[in-house]
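Engineer: If it helps, the file is called coords.txt and holds compact mmCIF, C-alpha atoms:
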# COMPACT_ATOMS: atom_id res chain seq x y z
CA MET P 1 21.25 14.09 4.18
CA SER P 2 22.29 14.47 0.53
CA HIS P 3 23.66 17.85 -0.59
CA GLU P 4 20.59 18.48 -2.67
CA SER P 5 18.07 17.88 0.11
CA ALA P 6 20.26 19.64 2.69
CA ASN P 7 20.36 22.70 0.46
CA ALA P 8 16.60 22.61 -0.11
CA THR P 9 16.04 22.32 3.65
CA LEU P 10 18.34 25.25 4.40
CA ALA P 11 16.73 27.38 1.71
CA LEU P 12 13.29 26.71 3.23
CA ALA P 13 14.53 27.51 6.73
CA GLU P 14 15.93 30.78 5.38
CA GLU P 15 12.59 31.59 3.75
CA ILE P 16 10.85 30.94 7.06
CA HIS P 17 13.19 33.37 8.80
CA GLN P 18 12.46 36.03 6.17
CA GLN P 19 8.73 35.38 6.39
CA THR P 20 8.69 35.83 10.16
CA THR P 21 10.95 38.88 10.43
CA HIS P 22 7.98 41.19 10.71
CA MET P 23 5.60 38.76 12.38
CA GLY P 24 4.85 38.74 16.07
CA SER P 25 5.10 35.67 18.24
CA THR P 26 3.37 32.73 16.55
CA ARG P 27 2.11 29.59 18.24
CA ILE P 28 1.66 26.51 16.09
CA MET P 29 0.49 23.13 17.31
CA GLU P 30 1.80 19.98 15.67
CA VAL P 31 -1.04 17.61 16.44
CA CYS P 32 0.74 14.39 15.62
CA GLY P 33 3.26 12.55 17.79
CA THR P 34 5.12 11.32 14.71
CA HIS P 35 5.56 14.98 13.72
CA THR P 36 6.88 15.80 17.21
CA VAL P 37 9.61 13.19 16.88
CA SER P 38 10.41 14.00 13.27
CA LEU P 39 10.64 17.77 13.99
CA PHE P 40 13.17 17.06 16.73
CA ARG P 41 15.32 14.42 15.09
CA SER P 42 15.58 16.20 11.73
CA GLY P 43 16.72 19.38 13.44
CA VAL P 44 13.78 21.33 11.98
CA LYS P 45 12.78 22.49 15.45
CA SER P 46 16.16 24.07 16.03
CA MET P 47 16.14 25.82 12.62
CA LEU P 48 13.08 27.90 13.45
CA PRO P 49 13.15 31.56 14.48
CA GLU P 50 12.65 32.43 18.14
CA ASN P 51 9.21 33.89 17.51
CA VAL P 52 7.83 30.65 16.08
CA ARG P 53 6.81 28.36 18.88
CA LEU P 54 5.84 24.75 18.16
CA ILE P 55 3.55 23.13 20.69
CA SER P 56 2.98 19.37 20.76
CA GLY P 57 -0.65 18.33 20.73
CA PRO P 58 -2.78 15.34 21.72
CA GLY P 59 -1.46 13.17 18.90
CA CYS P 60 0.18 10.22 20.56
CA PRO P 61 -2.38 7.40 20.73
CA VAL P 62 -0.92 5.81 23.84
CA CYS P 63 -0.70 9.14 25.65
CA VAL P 64 -4.34 10.14 25.15
CA THR P 65 -5.68 6.76 26.29
CA ALA P 66 -7.40 7.06 29.68
CA GLN P 67 -5.77 5.11 32.51
CA GLY P 68 -8.92 3.03 32.99
CA TYR P 69 -8.36 1.49 29.56
CA ILE P 70 -4.88 0.29 30.58
CA ASP P 71 -6.27 -1.06 33.85
CA ALA P 72 -9.06 -2.88 32.00
CA ALA P 73 -6.49 -4.48 29.68
CA SER P 74 -4.39 -5.59 32.67
CA GLU P 75 -7.45 -7.07 34.32
CA LEU P 76 -8.40 -8.95 31.16
CA CYS P 77 -4.97 -10.46 30.56
CA SER P 78 -4.99 -12.06 34.00
CA LYS P 79 -8.26 -13.87 33.26
CA LYS P 80 -7.91 -17.53 32.47
CA GLY P 81 -7.98 -18.23 28.75
CA VAL P 82 -7.74 -14.56 27.73
CA THR P 83 -4.86 -13.20 25.61
CA ILE P 84 -4.35 -9.49 25.08
CA ALA P 85 -3.03 -8.71 21.59
CA THR P 86 -1.58 -5.22 21.36
CA TYR P 87 0.70 -2.83 19.51
CA GLY P 88 4.02 -2.72 21.34
CA ASP P 89 3.68 0.86 22.59
CA MET P 90 0.90 -0.06 25.02
CA VAL P 91 2.72 -2.68 27.07
CA ARG P 92 4.88 -0.38 29.18
CA VAL P 93 2.28 2.22 30.17
CA PRO P 94 1.96 2.07 33.97
CA GLY P 95 -1.52 1.43 35.32
CA ARG P 96 -2.91 1.12 38.82
CA GLY P 97 -1.94 -2.52 38.96
CA GLY P 98 1.29 -1.99 36.99
CA SER P 99 1.84 -2.16 33.23
CA LEU P 100 0.84 -4.93 30.84
CA ALA P 101 4.53 -5.92 30.77
CA GLU P 102 4.38 -6.42 34.53
CA ALA P 103 1.08 -8.26 34.24
CA ARG P 104 2.75 -10.56 31.72
CA ALA P 105 5.64 -11.16 34.12
CA ARG P 106 3.06 -12.28 36.69
CA GLY P 107 1.70 -14.83 34.22
CA GLY P 108 -0.77 -12.72 32.24
CA ASN P 109 -1.10 -13.43 28.53
CA VAL P 110 0.06 -10.48 26.45
CA LYS P 111 1.04 -10.86 22.81
CA VAL P 112 2.63 -7.95 20.97
CA VAL P 113 1.42 -7.75 17.37
CA TYR P 114 2.59 -5.60 14.49
CA SER P 115 -0.82 -5.61 12.85
CA ALA P 116 -4.50 -6.17 13.67
CA ARG P 117 -4.33 -8.94 11.05
CA ASP P 118 -1.81 -10.78 13.22
CA ALA P 119 -4.27 -10.66 16.12
CA VAL P 120 -6.98 -12.25 13.95
CA GLU P 121 -4.51 -14.88 12.76
CA HIS P 122 -3.53 -15.66 16.36
CA ALA P 123 -7.21 -16.11 17.29
CA SER P 124 -7.63 -18.42 14.32
CA THR P 125 -4.68 -20.63 15.22
CA HIS P 126 -5.42 -20.60 18.98
CA PRO P 127 -9.12 -21.49 19.27
CA GLU P 128 -8.66 -22.29 22.97
CA GLU P 129 -7.78 -18.64 23.72
CA THR P 130 -10.07 -15.60 23.73
CA VAL P 131 -8.00 -12.94 21.97
CA VAL P 132 -8.74 -9.32 22.90
CA PHE P 133 -7.14 -6.82 20.53
CA LEU P 134 -6.44 -3.39 22.05
CA ALA P 135 -8.06 -1.15 19.44
CA VAL P 136 -6.22 2.12 20.05
CA GLY P 137 -5.01 4.85 17.78
CA PHE P 138 -6.49 7.50 15.55
CA GLU P 139 -7.93 7.26 12.06
CA THR P 140 -4.67 5.71 10.79
CA THR P 141 -5.32 2.46 12.69
CA ALA P 142 -9.15 2.52 12.87
CA PRO P 143 -9.71 1.08 9.37
CA ALA P 144 -7.32 -1.77 10.22
CA THR P 145 -9.38 -2.66 13.29
CA ALA P 146 -12.61 -2.42 11.29
CA LEU P 147 -11.19 -4.81 8.68
CA ALA P 148 -9.96 -7.16 11.40
CA VAL P 149 -13.51 -7.36 12.77
CA LEU P 150 -14.91 -7.99 9.28
CA GLU P 151 -12.26 -10.67 8.70
CA ALA P 152 -13.04 -12.36 12.01
CA GLU P 153 -16.71 -12.34 11.03
CA ALA P 154 -15.98 -13.79 7.58
CA ARG P 155 -13.83 -16.54 9.14
CA GLY P 156 -16.49 -17.31 11.75
CA LEU P 157 -14.14 -16.63 14.68
CA GLU P 158 -15.92 -16.56 18.03
CA ASN P 159 -12.74 -15.95 20.01
CA PHE P 160 -11.64 -12.60 18.56
CA LEU P 161 -12.72 -9.47 20.43
CA ILE P 162 -11.63 -5.86 20.52
CA LEU P 163 -11.43 -3.46 23.44
CA PRO P 164 -12.71 -0.32 21.70
CA GLY P 165 -10.45 2.70 22.25
CA HIS P 166 -10.09 4.45 18.88
CA LYS P 167 -10.11 8.23 18.95
CA LEU P 168 -10.70 10.91 16.36
CA VAL P 169 -8.36 13.82 15.79
CA ILE P 170 -10.73 16.64 14.79
CA PRO P 171 -13.00 16.54 17.90
CA ALA P 172 -9.88 16.74 20.10
CA MET P 173 -8.61 19.80 18.18
CA GLU P 174 -12.05 21.39 18.57
CA ALA P 175 -12.13 20.60 22.31
CA LEU P 176 -8.69 22.19 22.76
CA LEU P 177 -9.83 25.34 20.99
CA ALA P 178 -13.11 25.47 22.91
CA GLY P 179 -11.16 25.22 26.17
CA GLU P 180 -9.35 28.46 25.24
CA GLU P 181 -6.56 27.68 27.70
CA VAL P 182 -3.83 27.24 25.12
CA PRO P 183 -3.57 30.12 22.65
CA LEU P 184 -2.91 28.75 19.16
CA ASP P 185 -2.59 30.45 15.80
CA GLY P 186 -2.64 27.41 13.58
CA PHE P 187 -2.17 23.67 13.20
CA LEU P 188 0.32 21.47 11.40
CA CYS P 189 -2.06 18.59 10.62
CA PRO P 190 -1.01 14.93 10.77
CA GLY P 191 0.03 13.42 7.43
CA HIS P 192 -1.04 9.82 7.75
CA VAL P 193 -4.26 10.44 9.69
CA SER P 194 -5.10 12.82 6.84
CA VAL P 195 -4.47 10.10 4.25
CA ILE P 196 -7.62 8.51 5.69
CA ILE P 197 -9.78 11.51 6.65
CA GLY P 198 -8.70 13.85 3.82
CA SER P 199 -7.60 17.47 3.95
CA GLU P 200 -11.17 18.79 3.76
CA ALA P 201 -11.89 17.21 7.17
CA TYR P 202 -10.15 20.22 8.76
CA ARG P 203 -12.59 22.68 7.17
CA PRO P 204 -14.60 23.17 10.43
CA ILE P 205 -11.40 24.16 12.27
CA VAL P 206 -10.89 26.93 9.72
CA ALA P 207 -14.54 27.93 9.15
CA ASP P 208 -15.91 27.63 12.70
CA HIS P 209 -12.83 28.11 14.86
CA HIS P 210 -10.91 30.52 12.58
CA ARG P 211 -7.60 28.71 12.86
CA SER P 212 -5.45 27.87 9.84
CA CYS P 213 -4.50 24.29 9.06
CA VAL P 214 -1.81 22.86 6.79
CA VAL P 215 -1.63 19.12 6.18
CA THR P 216 2.01 18.05 6.18
CA GLY P 217 4.06 14.89 5.66
CA PHE P 218 7.03 13.76 7.73
CA GLU P 219 10.14 14.46 5.67
CA PRO P 220 12.09 17.51 6.89
CA LYS P 221 11.66 19.32 3.57
CA ASN P 222 7.92 18.73 3.62
CA MET P 223 7.56 19.79 7.28
CA LEU P 224 9.39 23.04 6.48
CA GLN P 225 7.20 23.56 3.40
CA GLY P 226 4.15 23.08 5.65
CA LEU P 227 5.45 25.51 8.26
CA LEU P 228 6.32 28.09 5.62
CA ARG P 229 2.88 27.78 4.04
CA LEU P 230 1.21 28.10 7.46
CA LEU P 231 3.27 31.20 8.31
CA GLN P 232 2.42 32.75 4.93
CA ILE P 233 -1.29 32.17 5.65
CA LEU P 234 -0.94 33.56 9.18
CA SER P 235 0.66 36.75 7.88
CA GLY P 236 -2.51 37.34 5.84
CA SER P 237 -5.86 38.31 7.24
CA GLU P 238 -8.03 35.22 6.70
CA PRO P 239 -7.60 31.72 8.12
CA GLU P 240 -7.03 29.11 5.41
CA LEU P 241 -6.67 25.39 4.85
CA ASP P 242 -3.90 23.97 2.68
CA ASN P 243 -2.24 20.63 1.99
CA VAL P 244 1.46 20.31 1.19
CA TYR P 245 1.32 16.50 1.35
CA SER P 246 -0.90 16.03 -1.69
CA VAL P 247 1.25 13.13 -2.94
CA ALA P 248 -0.60 10.97 -0.39
CA VAL P 249 -3.49 13.06 0.96
CA ARG P 250 -6.57 13.63 -1.21
CA PRO P 251 -9.18 16.27 -0.32
CA LYS P 252 -11.75 13.61 0.63
CA GLY P 253 -9.22 11.10 1.98
CA ASN P 254 -9.46 7.35 1.40
CA THR P 255 -13.19 6.87 0.79
CA GLN P 256 -12.94 3.07 0.91
CA ALA P 257 -11.29 3.24 4.37
CA LEU P 258 -13.88 5.74 5.61
CA SER P 259 -16.74 3.56 4.40
CA ILE P 260 -15.27 0.50 6.15
CA ILE P 261 -14.90 2.46 9.41
CA GLU P 262 -18.51 3.62 9.01
CA ARG P 263 -19.72 0.05 8.40
CA VAL P 264 -18.22 -1.35 11.60
CA PHE P 265 -18.16 1.61 13.99
CA LYS P 266 -20.45 4.40 15.12
CA LEU P 267 -19.43 7.67 16.73
CA ASP P 268 -19.34 7.57 20.50
CA ASP P 269 -18.35 9.86 23.36
CA ALA P 270 -14.84 8.98 24.52
CA THR P 271 -12.75 9.67 27.60
CA TRP P 272 -9.36 11.22 26.86
CA ARG P 273 -6.57 11.36 29.38
CA ALA P 274 -7.05 14.49 31.48
CA MET P 275 -9.33 16.01 28.84
CA GLY P 276 -12.40 14.20 30.12
CA VAL P 277 -15.25 13.05 27.91
CA ILE P 278 -15.23 14.62 24.46
CA PRO P 279 -18.55 14.13 22.65
CA LYS P 280 -18.45 11.96 19.53
CA SER P 281 -14.65 11.73 19.63
CA GLY P 282 -14.39 7.95 19.70
CA LEU P 283 -15.55 4.84 17.88
CA ALA P 284 -17.83 2.16 19.31
CA LEU P 285 -18.83 -1.06 17.53
CA ARG P 286 -22.21 -1.00 15.83
CA GLU P 287 -24.91 -3.35 17.20
CA THR P 288 -24.33 -5.75 14.29
CA TYR P 289 -20.78 -6.32 15.57
CA ALA P 290 -21.54 -6.20 19.32
CA ARG P 291 -20.40 -9.81 19.70
CA PHE P 292 -16.83 -8.69 19.02
CA ASP P 293 -16.94 -6.16 21.88
CA ALA P 294 -14.88 -7.13 24.96
CA LEU P 295 -16.86 -4.58 27.00
CA LYS P 296 -20.01 -6.60 26.28
CA ARG P 297 -18.39 -10.04 26.75
CA PHE P 298 -16.82 -9.22 30.13
CA ASP P 299 -18.63 -7.49 32.99
CA GLY P 300 -17.30 -4.73 35.16
CA LEU P 301 -14.65 -3.16 32.92
CA ASP P 302 -14.45 0.61 33.33
CA VAL P 303 -12.39 2.04 30.49
CA ASN P 304 -13.51 5.58 31.33
CA ASP P 305 -11.84 5.78 34.72
CA ASP P 306 -9.10 8.38 34.43
CA TYR P 307 -6.38 9.64 36.72
CA ASP P 308 -2.77 10.76 36.45
CA PRO P 309 -0.09 8.94 38.42
CA PRO P 310 0.88 11.14 41.45
CA GLY P 311 2.94 14.14 40.37
CA CYS P 312 2.69 13.27 36.66
CA ARG P 313 1.67 16.10 34.32
CA CYS P 314 1.15 14.07 31.12
CA GLY P 315 -2.46 15.25 31.02
CA GLU P 316 -1.32 18.85 30.69
CA VAL P 317 1.54 17.98 28.33
CA ILE P 318 -0.76 16.37 25.75
CA GLN P 319 -2.92 19.49 25.71
CA GLY P 320 0.07 21.80 25.21
CA LYS P 321 -0.64 23.49 28.56
CA VAL P 322 2.83 22.76 29.93
CA GLU P 323 6.10 21.55 28.45
CA PRO P 324 7.77 18.38 29.72
CA ALA P 325 10.45 20.38 31.57
CA ASP P 326 7.68 22.01 33.64
CA CYS P 327 7.01 18.63 35.26
CA ALA P 328 9.06 17.98 38.40
CA LEU P 329 9.31 14.27 37.53
CA PHE P 330 10.71 14.86 34.01
CA GLY P 331 14.22 13.45 33.67
CA ALA P 332 14.37 12.84 37.43
CA SER P 333 12.09 10.04 38.58
CA CYS P 334 10.52 9.76 35.10
CA THR P 335 12.83 8.62 32.28
CA PRO P 336 12.35 6.36 29.24
CA MET P 337 13.94 3.51 31.24
CA LYS P 338 11.52 3.98 34.13
CA PRO P 339 8.56 5.99 32.86
CA VAL P 340 5.90 7.30 35.22
CA GLY P 341 3.49 8.62 32.61
CA PRO P 342 2.59 7.57 29.05
CA CYS P 343 4.26 10.58 27.37
CA MET P 344 7.61 9.16 28.51
CA VAL P 345 6.71 5.59 27.50
CA SER P 346 5.69 5.96 23.90
CA SER P 347 8.42 6.63 21.36
CA GLU P 348 6.04 9.30 20.03
CA GLY P 349 5.31 10.81 23.42
CA THR P 350 6.29 14.44 23.88
CA CYS P 351 8.30 13.74 27.04
CA ALA P 352 10.24 10.89 25.40
CA ALA P 353 11.05 13.13 22.40
CA TRP P 354 12.22 15.96 24.68
CA TYR P 355 14.29 13.58 26.76
CA LYS P 356 15.95 12.06 23.74
CA TYR P 357 16.49 15.09 21.51
CA GLY P 358 16.94 18.03 23.86
CA ARG P 359 14.70 20.57 25.40
CA ARG P 360 13.96 23.25 22.91
CA MET Z 1 2.60 4.78 15.56
CA CYS Z 2 1.44 6.85 12.61
CA LEU Z 3 4.38 6.61 10.21
CA ALA Z 4 3.49 4.70 7.05
CA ILE Z 5 6.15 3.15 4.80
CA PRO Z 6 6.03 2.81 0.98
CA GLY Z 7 6.33 -0.54 -0.73
CA LYS Z 8 5.62 -2.08 -4.13
CA VAL Z 9 2.92 -4.67 -4.77
CA VAL Z 10 4.56 -7.76 -6.29
CA GLU Z 11 1.76 -10.30 -5.85
CA LEU Z 12 -2.02 -10.13 -5.46
CA LYS Z 13 -4.16 -12.58 -3.45
CA ASN Z 14 -7.92 -12.91 -2.90
CA GLU Z 15 -8.35 -10.17 -5.47
CA ASP Z 16 -12.14 -10.35 -5.62
CA ASP Z 17 -12.71 -10.47 -1.86
CA GLU Z 18 -13.42 -6.99 -0.50
CA VAL Z 19 -12.21 -7.83 3.04
CA ALA Z 20 -9.50 -10.45 2.47
CA ARG Z 21 -7.89 -8.70 -0.51
CA CYS Z 22 -4.15 -8.74 0.16
CA GLY Z 23 -0.81 -9.11 -1.51
CA THR Z 24 2.91 -9.37 -1.16
CA VAL Z 25 4.54 -5.98 -0.88
CA ASP Z 26 8.25 -5.44 -1.42
CA PHE Z 27 9.95 -3.06 1.00
CA GLN Z 28 13.33 -2.53 -0.62
CA GLY Z 29 14.00 -6.24 -0.73
CA ASN Z 30 11.97 -7.42 2.24
CA ARG Z 31 8.68 -9.01 1.22
CA VAL Z 32 5.67 -8.95 3.51
CA GLU Z 33 2.01 -9.89 3.14
CA VAL Z 34 -0.11 -6.77 3.48
CA SER Z 35 -3.86 -6.14 3.36
CA LEU Z 36 -4.89 -4.32 0.18
CA ALA Z 37 -8.55 -3.99 1.20
CA LEU Z 38 -8.27 -0.21 1.64
CA VAL Z 39 -6.71 0.35 -1.81
CA PRO Z 40 -9.08 -1.45 -4.19
CA ASP Z 41 -7.40 0.07 -7.25
CA ALA Z 42 -3.90 -1.14 -6.34
CA LYS Z 43 -2.52 -3.45 -9.01
CA LEU Z 44 0.63 -5.47 -9.56
CA GLY Z 45 3.48 -2.96 -9.62
CA SER Z 46 1.57 -0.25 -7.72
CA TRP Z 47 3.35 1.57 -4.92
CA VAL Z 48 1.39 1.73 -1.68
CA LEU Z 49 1.83 3.44 1.68
CA VAL Z 50 1.67 0.76 4.40
CA HIS Z 51 0.87 1.19 8.06
CA ALA Z 52 0.67 -1.70 10.55
CA GLY Z 53 0.03 -4.32 7.89
CA TYR Z 54 -2.54 -2.36 5.85
CA ALA Z 55 -1.93 -0.36 2.69
CA LEU Z 56 -3.56 3.04 3.30
CA GLU Z 57 -3.13 4.73 -0.06
CA ARG Z 58 -1.45 4.50 -3.45
CA LEU Z 59 1.65 6.52 -4.15
CA ASP Z 60 3.58 7.47 -7.28
CA GLU Z 61 6.87 5.62 -7.70
CA LYS Z 62 8.87 8.86 -7.70
CA ASP Z 63 7.37 9.97 -4.36
CA ALA Z 64 7.79 6.50 -2.87
CA LEU Z 65 11.46 6.38 -3.80
CA GLU Z 66 12.02 9.87 -2.41
CA THR Z 67 10.48 8.75 0.88
CA TRP Z 68 12.82 5.75 0.97
CA GLU Z 69 15.78 8.02 0.36
CA TRP Z 70 14.77 10.01 3.44
CA LEU Z 71 14.08 6.90 5.56
CA LYS Z 72 17.60 5.68 4.82
CA GLU Z 73 19.38 9.02 5.14
CA ALA Z 74 17.70 9.89 8.42
CA LYS Z 75 18.36 6.33 9.64
CA ILE Z 76 14.67 5.89 10.36
CA VAL Z 77 14.99 2.45 8.76
CA ASP Z 78 16.67 1.37 11.98
CA GLU Z 79 13.45 2.05 13.88
CA ILE Z 80 10.75 0.82 11.56
CA PRO Z 81 9.38 -2.64 12.29
CA GLU Z 82 11.69 -5.44 11.28
CA GLU Z 83 9.09 -6.72 8.82
CA LEU Z 84 9.38 -3.56 6.74
CA SER Z 85 13.12 -2.99 6.93
CA PRO Z 86 15.13 -3.33 3.75
CA SER Z 87 17.00 -6.62 3.57
Can you present the structure in this file as structure tokens?
Structural biologist:
Amino acid sequence: MSHESANATLALAEEIHQQTTHMGSTRIMEVCGTHTVSLFRSGVKSMLPENVRLISGPGCPVCVTAQGYIDAASELCSKKGVTIATYGDMVRVPGRGGSLAEARARGGNVKVVYSARDAVEHASTHPEETVVFLAVGFETTAPATALAVLEAEARGLENFLILPGHKLVIPAMEALLAGEEVPLDGFLCPGHVSVIIGSEAYRPIVADHHRSCVVTGFEPKNMLQGLLRLLQILSGSEPELDNVYSVAVRPKGNTQALSIIERVFKLDDATWRAMGVIPKSGLALRETYARFDALKRFDGLDVNDDYDPPGCRCGEVIQGKVEPADCALFGASCTPMKPVGPCMVSSEGTCAAWYKYGRR
Amino acid sequence: MCLAIPGKVVELKNEDDEVARCGTVDFQGNRVEVSLALVPDAKLGSWVLVHAGYALERLDEKDALETWEWLKEAKIVDEIPEELSPS
């Protein structure tokens, strides 16, 4: 870190300490898995006063995906002529019949792609294959999938499908609050999801659930600015919404991206790992695009089946109910080299971050 | 999965096609084709924030360069996809 930014970071940390001197214990959830990792690796987490507790939320796309989805993908990739195209994070998540990586070792067709565009391109250059793109992730990746579907339509591709699995951040935050099992004072809201949905999207969390929200980017200085702002709000009497990442996040988000999502998808109930079905928290293809839906093309896939591997507490970890170290498997039989649950697989998973960067 | 990286648009393609609009984006020396369909007002020379092959938003040059400074200092460049790493 340069002297200038190191000094700015230290000054902010000092301000946070002063701000919290007279505050009681404060519980803040960072919703986003990228924040979890960035808070650890930048040292921000260790700069915070004892009475500020950061709790990781359901913000790692791989971790919140129900097991049935992984099993459905494994089943599909072993079908003749079917290729699964997926972001790399998904391939090592263990399912009932093993992970996609293991399915590939047994002869299944799994292609790791960097982008949904690459999946469309693969379908175009491999007309003999049926390419099923694993459409997972939050609002950051949903517009990409929507555009991939529109591109496949424009190019007349019959062999490009998606396995719908996109999830929405706000309904999950609302479900957590409604559950009332994890006391929370406020949220550090995800920077790049918010680029799409806009800072005003969090208004219901503030107005209806009376929790403060601050939209924050990923640089250490910006995360500290977000935490300081949130603590300042929490020391007042009214919940508030603020955005310290306005260089990229507009109040109404990216309206073009939102309109493209709206064109291709409709809201649908979705199954989250261990959280069950959350109403209108997922995206399903509209009727017009039903021909791109792997769930319609192939019979008998149950993406809503959900279970934790024996002993695994990932389901509680993603809801902030327990910390990784509370799980008996953590660091023992479950490590990044041999993960049992998704939170240890994904580089953005809470367990992987704790394992790599320490336990505070 | 949700970290977006800034780059500069150096070439535009399919400009008038709402879905196929794309361009070459320069990531500190590494040039990659990226969809520009979500940033209809991006022009040659614009800085954009790119995630998984799609530009999500425009960014001011000053903010983009600050982000790159952090990506390099914090050695996050080592972990971002090869396509977007500086050459």
Engineer: Around all listed atoms of range 111-119 of chain P, padded 5 Å per side, what centre and edge lengths does the axis-aligned box have in Å to one decimal, as AutoDock Vina command-line options?
Structural biologist:
--center_x -0.9 --center_y -8.2 --center_z 16.9 --size_x 17.1 --size_y 15.3 --size_z 21.8
Engineer: For chain P against chain Z, which residues fall within 6 Å using all atoms listed in the file, given as a PyMOL selection string?
Structural biologist: chain P and resi 1+114-115+256-257
Engineer: Please dump the current selection as an mmCIF file, keeping the file's coordinate frame; keep C-alpha atoms.
Structural biologist:
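Final output, result-v6.cif:
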data_model
loop_
_atom_site.group_PDB
_atom_site.id
_atom_site.type_symbol
_atom_site.label_atom_id
_atom_site.label_comp_id
_atom_site.auth_asym_id
_atom_site.auth_seq_id
_atom_site.Cartn_x
_atom_site.Cartn_y
_atom_site.Cartn_z
ATOM 1 C CA MET P 1 21.250 14.090 4.180
ATOM 2 C CA TYR P 114 2.590 -5.600 14.490
ATOM 3 C CA SER P 115 -0.820 -5.610 12.850
ATOM 4 C CA GLN P 256 -12.940 3.070 0.910
ATOM 5 C CA ALA P 257 -11.290 3.240 4.370
#
Engineer: Which distance in Å separates CA of Phe27 in chain Z and CA of Gly7 in chain Z, to one decimal?
Structural biologist: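 Separating CA of Phe27 in chain Z from CA of Gly7 in chain Z is a distance of 4.7 Å.
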Engineer: Using all atoms listed in the file, tabulate the residues of range 172-206 of chain P lying at most 9 Å from any atom of range 8-32 of chain P, each with its closest atom pair and that distance in Å to one decimal, by chain and increasing residue number, as a Markdown table.
Structural biologist:
| residue | atom | partner | partner_atom | distance |
| --- | --- | --- | --- | --- |
| P:Met173 | CA | P:Val31 | CA | 8.1 |
| P:Pro183 | CA | P:Arg27 | CA | 7.2 |
| P:Leu184 | CA | P:Arg27 | CA | 5.2 |
| P:Asp185 | CA | P:Arg27 | CA | 5.4 |
| P:Gly186 | CA | P:Ile28 | CA | 5.1 |
| P:Phe187 | CA | P:Met29 | CA | 4.9 |
| P:Leu188 | CA | P:Glu30 | CA | 4.8 |
| P:Cys189 | CA | P:Val31 | CA | 6.0 |
| P:Pro190 | CA | P:Cys32 | CA | 5.2 |
| P:Gly191 | CA | P:Cys32 | CA | 8.3 |
| P:Val193 | CA | P:Cys32 | CA | 8.7 |
